[in-house]
Amino acid sequence: MKIATYNVNGVNGRLPVLLRWLEETAPDVVCLQELKAPQENFPEEALRNAGYKAIWHGQKSWNGVAILSRGAEIAERRRVLPGDPEDSHSRYIEATVDGIIIACLYLPNGNPAPGPKFDYKLGWFNRLQVHAGELVNLDTPVILTGDFNVIPTEHDVYKPERWVDDALFRTETRTAFRELLDQGWTDAIRKLYPEDKIYTFWDYFRNAYARDAGLRIDHFLLNAPMEKRLLSAGVDRHVRGWEKTSDHAPVWIHVS
DNA sequence: ATGCCGTGGAAACCACGA
């Protein structure tokens, strides 16, 4: 079973690229972030014609998350991260697919830091920690995946010294991610590739992709029952080289 | 290297992203 995550940066503007990638790689389940589309403008029919059923939580202009499935039914569990009734951003959706609990998330960027946006990021992160703490010890396999907007370590960025004051790499952010892992989550890519230079995002400008000036910010975190079933993982980085592509590349895992 | 690009929405510029 192949499960992927992809920050599409606009699901309608990105539709040709998304459909091409789906046809090429045929993942069984896909988590999408940054739909940038209101609920009624999600390309449900185009994805159905490509073989995918979907649940999604849209929002005008920004954010938006979705879960697609090629075969198994998608049983939605929640579409809001608990802990703040005032939070209006569509950044979280969670479902059971083929016996696996899959949380699709788009953690706030948080720049500029410090400031209110960084405070929102840390608050959202804390709510994620609380909720993840309830998921990690389930006997059910659980996956937290999506765009975490976290550079976990200096090995996950082309020039760490340039990012120390950035919301993606600040001490508070890395500490929060470490605390999340310490609950008992396994970073699937780092489990399989402890040393390799692996990126999932390259800026649109400064020729970042050609220079391989990237970041690893899209992650798969697995609880113990899921980690036991991990077979392989990777980044479809060639997709970042396509025309009219997202600034993120798809990331995937293969589980038994 | 402090958004130089890209997207969506509103209005012919702006907010936002990482």
# chains A, B, ... in the order shown; residues from 1 in each chain; ligands from 1
$ interface_residues --of "chain A" --to "chain B" --cutoff "6 Å" --atoms "only C-alpha atoms (C1' of nucleotides)" --output "ChimeraX atom specification"
/A:61,204-205
$ residues_around --residues "A:Glu23" --least-positions-apart "3" --cutoff "12 Å" --atoms "only C-alpha atoms (C1' of nucleotides)" --output "list in words"
Pro16, Val17, Leu18, Leu19, Arg20, Ala26, Pro27, Asp28, Leu47, Asn49, Ala50, Gly51, Tyr52 and Arg70 of chain A
$ atom_distance --atom1 "atom CA of A:Ile93" --atom2 "atom CA of A:Tyr120"
18.5 Å
$ select_by_dssp --residues "stretch 133-179 of chain A" --states "helix (DSSP H, G or I)" --output "PyMOL selection string"
chain A and resi 133-135+154-156+160-162+171-179
$ select_by_dssp --residues "stretch 15-186 of chain A" --states "strand (DSSP E)" --output "PyMOL selection string"
chain A and resi 29-33+53-57+65-69+74-78+92-97+100-106+142-147+186
$ decode --residues "chain B" --atoms "C-alpha atoms (C1' of nucleotides)" --output "PDB file, in the first residue's frame"
ATOM      1  C1'  DA B   1      19.198  36.758  -0.243  1.00  0.00           C
ATOM      2  C1'  DT B   2      15.216  41.456   3.445  1.00  0.00           C
ATOM      3  C1'  DG B   3       9.830  37.255  -1.624  1.00  0.00           C
ATOM      4  C1'  DC B   4      13.895  37.967  -7.089  1.00  0.00           C
ATOM      5  C1'  DC B   5       8.231  33.610  -8.109  1.00  0.00           C
ATOM      6  C1'  DG B   6       3.628  31.881  -7.948  1.00  0.00           C
ATOM      7  C1'  DT B   7      -1.347  31.600  -6.561  1.00  0.00           C
ATOM      8  C1'  DG B   8      -5.942  33.307  -5.622  1.00  0.00           C
ATOM      9  C1'  DG B   9      -9.072  37.103  -5.195  1.00  0.00           C
ATOM     10  C1'  DA B  10     -10.155  41.376  -5.883  1.00  0.00           C
ATOM     11  C1'  DA B  11      -9.594  44.947  -8.653  1.00  0.00           C
ATOM     12  C1'  DA B  12      -5.397  46.483 -12.434  1.00  0.00           C
ATOM     13  C1'  DC B  13      -2.720  45.730  -6.583  1.00  0.00           C
ATOM     14  C1'  DC B  14      -2.752  42.911  -2.418  1.00  0.00           C
ATOM     15  C1'  DA B  15      -2.015  38.958   1.058  1.00  0.00           C
ATOM     16  C1'  DC B  16       0.360  35.028   1.646  1.00  0.00           C
ATOM     17  C1'  DG B  17       3.729  31.459   1.199  1.00  0.00           C
ATOM     18  C1'  DA B  18       8.892  29.357   3.196  1.00  0.00           C
TER      19       DA B  18
END
